[in-house]
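What follows is the content of entry.tsv, which has TSV, C-alpha atoms:
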```
chain	number	residue	atom	x	y	z
A	1	MET	CA	92.21	152.44	77.53
A	2	THR	CA	89.07	154.01	76.01
A	3	ASN	CA	88.00	157.55	75.31
A	4	GLY	CA	84.60	156.54	74.02
A	5	ILE	CA	85.79	156.83	70.42
A	6	THR	CA	88.55	154.21	70.41
A	7	ILE	CA	89.33	151.32	72.74
A	8	SER	CA	92.54	149.53	73.65
A	9	LEU	CA	93.36	145.87	74.12
A	10	GLU	CA	94.07	146.64	77.78
A	11	ALA	CA	90.50	147.87	78.28
A	12	LEU	CA	89.09	144.71	76.68
A	13	VAL	CA	91.30	142.50	78.83
A	14	LYS	CA	89.92	144.23	81.94
A	15	CYS	CA	86.43	143.15	80.86
A	16	ARG	CA	87.45	139.72	82.15
A	17	VAL	CA	86.31	140.71	85.65
A	18	LEU	CA	82.92	141.88	84.38
A	19	ALA	CA	82.31	138.54	82.66
A	20	LYS	CA	82.01	136.66	85.95
A	21	SER	CA	78.43	137.85	86.45
A	22	ILE	CA	77.29	136.69	82.99
A	23	LYS	CA	75.83	133.21	82.62
A	24	LEU	CA	75.83	132.35	78.93
A	25	HIS	CA	73.87	129.14	79.32
A	26	SER	CA	70.62	128.56	81.11
A	27	VAL	CA	70.97	126.81	84.45
A	28	LYS	CA	67.87	124.81	83.66
A	29	ARG	CA	68.12	121.39	82.15
A	30	THR	CA	67.67	121.14	78.43
A	31	SER	CA	65.36	118.64	76.80
A	32	GLY	CA	66.75	119.30	73.33
A	33	GLU	CA	69.83	118.01	71.58
A	34	TYR	CA	71.93	121.09	72.32
A	35	ALA	CA	73.81	121.38	75.54
A	36	GLY	CA	77.01	123.19	76.38
A	37	ILE	CA	78.37	123.22	79.84
A	38	MET	CA	74.73	122.46	80.67
A	39	HIS	CA	74.09	118.84	81.62
A	40	SER	CA	71.81	116.89	79.35
A	41	PRO	CA	69.06	114.70	80.82
A	42	PHE	CA	70.11	112.05	78.30
A	43	ARG	CA	71.90	109.24	80.14
A	44	GLY	CA	74.78	107.53	78.44
A	45	ARG	CA	78.43	106.64	78.59
A	46	GLY	CA	79.77	110.16	78.66
A	47	VAL	CA	82.61	111.98	80.40
A	48	ASP	CA	80.71	112.98	83.55
A	49	PHE	CA	80.12	110.39	86.25
A	50	ALA	CA	76.61	110.84	87.69
A	51	GLU	CA	75.83	108.13	90.24
A	52	VAL	CA	75.80	104.47	91.21
A	53	ARG	CA	72.41	102.78	91.32
A	54	ALA	CA	70.93	99.30	91.55
A	55	TYR	CA	71.31	97.21	88.43
A	56	GLN	CA	68.23	97.12	86.18
A	57	ALA	CA	67.40	94.69	83.41
A	58	GLY	CA	68.93	95.88	80.16
A	59	ASP	CA	71.84	97.82	81.76
A	60	ASP	CA	75.25	97.42	80.14
A	61	ILE	CA	77.12	94.84	82.20
A	62	ARG	CA	80.40	96.54	81.30
A	63	LEU	CA	79.36	99.44	83.54
A	64	MET	CA	78.89	97.29	86.62
A	65	ASP	CA	80.41	98.76	89.78
A	66	TRP	CA	81.95	95.64	91.24
A	67	ARG	CA	83.16	97.30	94.43
A	68	VAL	CA	79.70	98.49	95.43
A	69	THR	CA	78.23	95.18	94.28
A	70	ALA	CA	80.64	93.24	96.50
A	71	ARG	CA	80.06	95.55	99.48
A	72	THR	CA	76.26	95.47	99.32
A	73	GLY	CA	75.78	92.00	97.96
A	74	LYS	CA	73.48	93.39	95.30
A	75	PRO	CA	74.38	94.26	91.68
A	76	HIS	CA	75.02	97.97	91.05
A	77	THR	CA	75.91	99.84	87.89
A	78	LYS	CA	77.57	103.19	87.14
A	79	VAL	CA	75.54	105.91	85.43
A	80	PHE	CA	77.17	108.69	83.45
A	81	GLN	CA	75.80	112.13	82.61
A	82	GLU	CA	76.39	112.94	78.99
A	83	GLU	CA	78.04	116.27	78.36
A	84	ARG	CA	78.25	117.83	74.92
A	85	GLU	CA	80.51	120.62	73.86
A	86	ARG	CA	78.95	123.92	72.85
A	87	PRO	CA	81.29	126.46	71.26
A	88	VAL	CA	80.55	130.16	71.58
A	89	VAL	CA	80.98	132.30	68.46
A	90	ILE	CA	80.74	136.09	68.60
A	91	ILE	CA	79.99	138.11	65.46
A	92	THR	CA	81.10	141.71	66.00
A	93	ASP	CA	80.01	144.33	63.47
A	94	LEU	CA	82.60	147.11	63.27
A	95	ARG	CA	81.68	148.68	59.94
A	96	ALA	CA	81.61	152.44	59.35
A	97	SER	CA	78.02	152.82	60.58
A	98	MET	CA	79.15	151.55	63.99
A	99	ARG	CA	81.69	154.34	64.39
A	100	PHE	CA	79.08	156.78	65.62
A	101	GLY	CA	77.86	157.96	68.99
A	102	THR	CA	76.48	160.99	70.82
A	103	ARG	CA	76.36	159.59	74.36
A	104	ARG	CA	79.25	158.20	76.37
A	105	GLN	CA	80.78	156.06	73.59
A	106	PHE	CA	80.70	155.07	69.93
A	107	LYS	CA	78.59	152.09	68.96
A	108	SER	CA	81.81	150.35	67.89
A	109	VAL	CA	83.29	150.79	71.37
A	110	LEU	CA	80.13	149.44	73.02
A	111	ALA	CA	80.13	146.44	70.67
A	112	ALA	CA	83.82	145.81	71.40
A	113	LYS	CA	83.21	145.85	75.17
A	114	ALA	CA	80.19	143.56	74.89
A	115	SER	CA	82.12	141.14	72.67
A	116	ALA	CA	84.98	141.04	75.19
A	117	ILE	CA	82.64	140.33	78.10
A	118	LEU	CA	80.92	137.54	76.18
A	119	ALA	CA	84.25	136.06	75.07
A	120	TRP	CA	85.65	136.03	78.61
A	121	ALA	CA	82.40	134.58	79.95
A	122	GLY	CA	82.51	131.80	77.36
A	123	ALA	CA	86.11	130.91	78.20
A	124	GLN	CA	85.55	131.07	81.95
A	125	GLN	CA	82.59	128.71	81.65
A	126	GLY	CA	84.61	126.07	79.82
A	127	ASN	CA	83.57	126.70	76.24
A	128	ARG	CA	85.65	127.13	73.12
A	129	VAL	CA	85.33	130.73	71.91
A	130	GLY	CA	85.62	131.99	68.33
A	131	SER	CA	84.93	135.25	66.51
A	132	VAL	CA	83.88	136.76	63.23
A	133	ILE	CA	84.85	140.43	63.07
A	134	ILE	CA	83.10	142.38	60.31
A	135	GLY	CA	84.97	145.39	58.97
A	136	ASP	CA	84.52	147.69	56.00
A	137	GLU	CA	87.18	146.02	53.89
A	138	SER	CA	87.16	142.41	55.10
A	139	CYS	CA	85.97	139.93	57.70
A	140	GLU	CA	88.41	138.36	60.14
A	141	VAL	CA	87.66	134.87	61.42
A	142	PHE	CA	89.00	133.13	64.54
A	143	VAL	CA	88.39	129.43	64.97
A	144	PRO	CA	86.97	128.60	68.44
A	145	LYS	CA	89.65	127.78	71.00
A	146	ALA	CA	89.28	126.29	74.44
A	147	THR	CA	91.47	128.46	76.65
A	148	GLU	CA	91.35	132.05	77.87
A	149	ARG	CA	94.65	132.57	76.09
A	150	GLY	CA	92.84	131.95	72.82
A	151	VAL	CA	90.60	134.96	73.56
A	152	LEU	CA	93.47	137.49	73.49
A	153	PRO	CA	94.15	137.46	69.71
A	154	GLN	CA	90.45	137.95	69.12
A	155	LEU	CA	90.28	140.94	71.46
A	156	LYS	CA	93.40	142.41	69.85
A	157	ALA	CA	91.75	142.25	66.43
A	158	ILE	CA	88.53	143.76	67.80
A	159	ALA	CA	90.40	146.65	69.42
A	160	GLU	CA	92.26	147.37	66.19
A	161	ARG	CA	89.11	147.25	64.05
A	162	ALA	CA	87.08	149.33	66.51
A	163	SER	CA	89.74	152.05	66.51
A	164	ALA	CA	90.72	151.95	62.84
A	165	GLN	CA	90.12	154.73	60.33
A	166	THR	CA	89.19	153.12	57.04
A	167	GLN	CA	87.57	154.33	53.89
A	168	VAL	CA	84.06	153.02	53.46
A	169	LYS	CA	83.70	150.41	50.74
A	170	GLU	CA	80.57	150.06	48.66
A	171	ASP	CA	80.49	146.31	49.26
A	172	ASP	CA	78.53	145.42	52.37
A	173	ARG	CA	80.22	142.88	54.61
A	174	LEU	CA	77.26	141.89	56.76
A	175	VAL	CA	76.24	139.03	54.47
A	176	GLU	CA	79.85	137.85	54.22
A	177	GLY	CA	80.22	137.86	58.00
A	178	LEU	CA	77.04	135.85	58.56
A	179	THR	CA	77.98	133.40	55.81
A	180	ARG	CA	81.47	132.83	57.21
A	181	ALA	CA	80.00	132.32	60.66
A	182	SER	CA	77.79	129.54	59.24
A	183	ARG	CA	80.86	127.82	57.83
A	184	LEU	CA	82.78	128.27	61.07
A	185	CYS	CA	80.17	126.88	63.44
A	186	HIS	CA	79.36	123.26	64.03
A	187	ALA	CA	75.74	122.40	64.77
A	188	GLY	CA	74.68	123.46	68.24
A	189	ALA	CA	77.00	126.44	68.76
A	190	LEU	CA	75.85	129.48	70.70
A	191	VAL	CA	76.21	132.51	68.43
A	192	PHE	CA	75.97	136.19	69.37
A	193	ILE	CA	75.70	138.93	66.77
A	194	LEU	CA	76.39	142.52	67.84
A	195	SER	CA	75.35	144.99	65.15
A	196	ASP	CA	73.27	148.02	64.25
A	197	PHE	CA	71.84	145.87	61.44
A	198	GLN	CA	72.46	148.53	58.81
A	199	GLY	CA	72.28	146.84	55.41
A	200	TYR	CA	70.07	144.08	56.76
A	201	ASP	CA	68.52	143.28	53.38
A	202	LYS	CA	67.04	140.12	51.90
A	203	ALA	CA	70.46	138.56	51.32
A	204	ALA	CA	71.49	139.21	54.94
A	205	GLN	CA	68.17	137.80	56.12
A	206	GLN	CA	68.76	134.60	54.18
A	207	ALA	CA	72.31	134.29	55.51
A	208	LEU	CA	71.11	134.76	59.09
A	209	ALA	CA	68.29	132.26	58.58
A	210	GLN	CA	70.81	129.67	57.40
A	211	LEU	CA	72.97	130.35	60.45
A	212	ALA	CA	70.01	130.16	62.84
A	213	SER	CA	68.78	126.88	61.34
A	214	ARG	CA	71.72	125.01	62.90
A	215	GLN	CA	72.80	127.25	65.79
A	216	GLN	CA	71.26	129.06	68.73
A	217	VAL	CA	71.63	132.72	67.75
A	218	ILE	CA	71.12	135.73	70.01
A	219	GLY	CA	70.97	139.22	68.51
A	220	LEU	CA	72.21	142.35	70.29
A	221	TRP	CA	71.12	145.55	68.57
A	222	VAL	CA	73.63	148.35	69.20
A	223	SER	CA	72.21	151.85	68.83
A	224	ASP	CA	72.66	155.49	69.86
A	225	PRO	CA	69.85	157.69	71.28
A	226	LEU	CA	70.16	160.08	68.34
A	227	GLU	CA	69.38	157.23	65.94
A	228	ARG	CA	66.15	156.52	67.74
A	229	GLU	CA	64.90	160.07	68.25
A	230	LEU	CA	65.85	163.64	67.33
A	231	ASN	CA	65.39	166.64	69.58
A	232	ALA	CA	63.24	169.27	67.95
A	233	ASN	CA	64.70	172.75	67.36
A	234	TYR	CA	68.13	171.63	68.47
A	235	GLN	CA	71.60	172.02	66.97
A	236	TYR	CA	73.99	169.07	66.61
A	237	ALA	CA	77.74	169.43	66.29
A	238	PHE	CA	79.56	166.59	64.55
A	239	THR	CA	83.32	166.11	64.46
A	240	ASP	CA	85.72	163.62	62.97
A	241	LYS	CA	87.91	161.31	65.05
A	242	ALA	CA	90.83	163.76	65.07
A	243	GLY	CA	88.59	166.68	65.98
A	244	THR	CA	89.95	168.76	63.10
A	245	HIS	CA	86.66	169.16	61.26
A	246	THR	CA	83.33	170.12	62.80
A	247	VAL	CA	79.92	170.43	61.19
A	248	THR	CA	76.84	171.89	62.87
A	249	VAL	CA	73.42	170.65	61.80
A	250	ASN	CA	70.13	172.26	62.79
A	251	GLY	CA	67.64	170.05	64.59
A	252	ALA	CA	64.41	168.82	63.07
A	253	SER	CA	60.94	170.23	63.42
A	254	ARG	CA	58.42	168.36	65.53
A	255	LYS	CA	56.89	166.89	62.38
A	256	ASP	CA	60.28	165.71	61.11
A	257	LYS	CA	61.14	164.41	64.56
A	258	LYS	CA	58.03	162.24	64.59
A	259	ARG	CA	58.73	160.93	61.09
A	260	TYR	CA	62.35	160.17	62.02
A	261	HIS	CA	61.30	158.26	65.14
A	262	GLU	CA	58.71	156.28	63.20
A	263	GLN	CA	61.27	155.29	60.56
A	264	PHE	CA	63.62	153.85	63.16
A	265	ALA	CA	60.78	152.14	65.02
A	266	THR	CA	59.55	150.58	61.79
A	267	PHE	CA	63.03	149.35	60.87
A	268	HIS	CA	63.62	147.95	64.35
A	269	ALA	CA	60.24	146.20	64.37
A	270	SER	CA	60.88	144.72	60.93
A	271	VAL	CA	64.25	143.26	61.91
A	272	SER	CA	62.90	142.05	65.24
A	273	GLN	CA	60.00	140.30	63.52
A	274	THR	CA	62.20	138.47	61.01
A	275	LEU	CA	64.54	137.37	63.79
A	276	LYS	CA	61.60	136.17	65.86
A	277	GLY	CA	60.55	134.03	62.92
A	278	MET	CA	63.99	132.39	63.07
A	279	ASN	CA	63.69	131.88	66.84
A	280	VAL	CA	66.41	134.48	67.38
A	281	PRO	CA	65.83	136.69	70.44
A	282	LEU	CA	66.85	140.33	70.05
A	283	PHE	CA	68.06	142.58	72.86
A	284	ASP	CA	68.94	146.28	72.77
A	285	LEU	CA	72.24	147.87	73.80
A	286	THR	CA	72.51	151.65	73.85
A	287	THR	CA	75.63	153.84	73.94
A	288	GLU	CA	74.29	155.97	76.80
A	289	LYS	CA	74.36	153.13	79.36
A	290	ASP	CA	76.99	150.91	80.94
A	291	CYS	CA	77.79	147.86	78.84
A	292	ALA	CA	78.08	145.27	81.64
A	293	GLU	CA	74.84	146.37	83.29
A	294	GLN	CA	72.95	146.11	80.00
A	295	LEU	CA	74.30	142.64	79.26
A	296	SER	CA	73.38	141.49	82.75
A	297	GLN	CA	69.83	142.73	82.25
A	298	CYS	CA	69.62	140.96	78.88
A	299	PHE	CA	70.68	137.63	80.35
A	300	THR	CA	68.38	138.03	83.33
A	301	HIS	CA	65.48	138.62	80.96
A	302	ARG	CA	66.55	135.67	78.81
A	303	GLU	CA	66.74	133.39	81.84
A	304	ARG	CA	63.22	134.34	82.90
A	305	ALA	CA	61.89	133.81	79.41
A	306	TYR	CA	63.86	130.51	79.20
A	307	VAL	CA	64.99	131.17	75.65
A	308	LEU	CA	67.58	128.40	75.73
```
Could you write out this file's structure as structure tokens?
Amino acid sequence: MTNGITISLEALVKCRVLAKSIKLHSVKRTSGEYAGIMHSPFRGRGVDFAEVRAYQAGDDIRLMDWRVTARTGKPHTKVFQEERERPVVIITDLRASMRFGTRRQFKSVLAAKASAILAWAGAQQGNRVGSVIIGDESCEVFVPKATERGVLPQLKAIAERASAQTQVKEDDRLVEGLTRASRLCHAGALVFILSDFQGYDKAAQQALAQLASRQQVIGLWVSDPLERELNANYQYAFTDKAGTHTVTVNGASRKDKKRYHEQFATFHASVSQTLKGMNVPLFDLTTEKDCAEQLSQCFTHRERAYVL
């Protein structure tokens, strides 16, 4: 299960029920080249039969519906609705900075839950689902697969990474994860990145820009209330995963609190602005709130804004 610090495969499997309320793709028709389970307005000889209509000059005679033609005495042709595949790829950041939380759960646990919900939603809606899991020591990649059974190995890896105790490496894996996602995805994939964006430097920005140039990317910023704002004149007790070591830190003054809040706000605004320039919407997830409810609100907002 989950204690807010670690999470089990069983808990991620149970997220399958929560995924039913998430609609990954817009229900509106797309006028662009990317579709998924959405139906494209482009007419062609695809896999989805659309309708039978009266023959018009220029129609392919091979698509004539001879039964309807014989019954009505007038030529009719079959029309097909083109459907294009749209894989879903989920980038889950589970580096050391994500193993932190002061409300309800660690950021890593929240990211794991959100990834599971998105993965189940993708599979349930007929898409192939793949993953890039970013850890401190390496990145694990799962090629998109078409069945719900293909989601299980991905969730198992996420649960293990989210609960692992590893020594922090100096090498940052964010750039590697974004780069490997670019290689994994074919043009037109729907990509989610769940991260606290620590280490989002120029190299990471370039890697994300390359990814966003060929895919539809949606960012989900995972944060904890303490990262956004400190309580003045307050004491904070920090403990390790095992609970064997505890450190107490005195709270900040009002002046320091203001400076701390401004630093986070500036960083958040900077990342948000660069993502906006790539046409990448950014939504916030916080450890103090329920994961499924937050995702539902994000997709409701996205649907109203008609991002896709």
A:Ser108 environment, 6 Å, only C-alpha atoms, sequence neighbours closer than 6 positions dropped, as a PyMOL selection string: chain A and resi 94+98-99+162
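Taking atom CA of A:Trp221 as the reference point, atom CA of A:Ala114 is found at 11.2 Å.
For the atom pair formed by atom CA of A:Lys202 and atom CA of A:Val175, the distance is 9.6 Å, given to one decimal.
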Point-to-point distance in Å for atom CA of A:Lys145 and atom CA of A:Gln210: 23.3 Å
Sel. within 10 Å of pt (80.6, 149.6, 60.0), counting all atoms listed in the file, output as a PyMOL selection string: chain A and resi 92-100+107-108+134-137+161-162+166+168-169+172-174+195-199
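Using all atoms listed in the file, the residues found no farther than 10 Å from stretch 274-276 of chain A, other than those of its own chain fewer than 4 positions away, are Gln205, Leu208, Ala209, Ala212, Val217, Ile218, Gly219, Ala269, Ser270, Val280, Pro281 and Leu282 of chain A.
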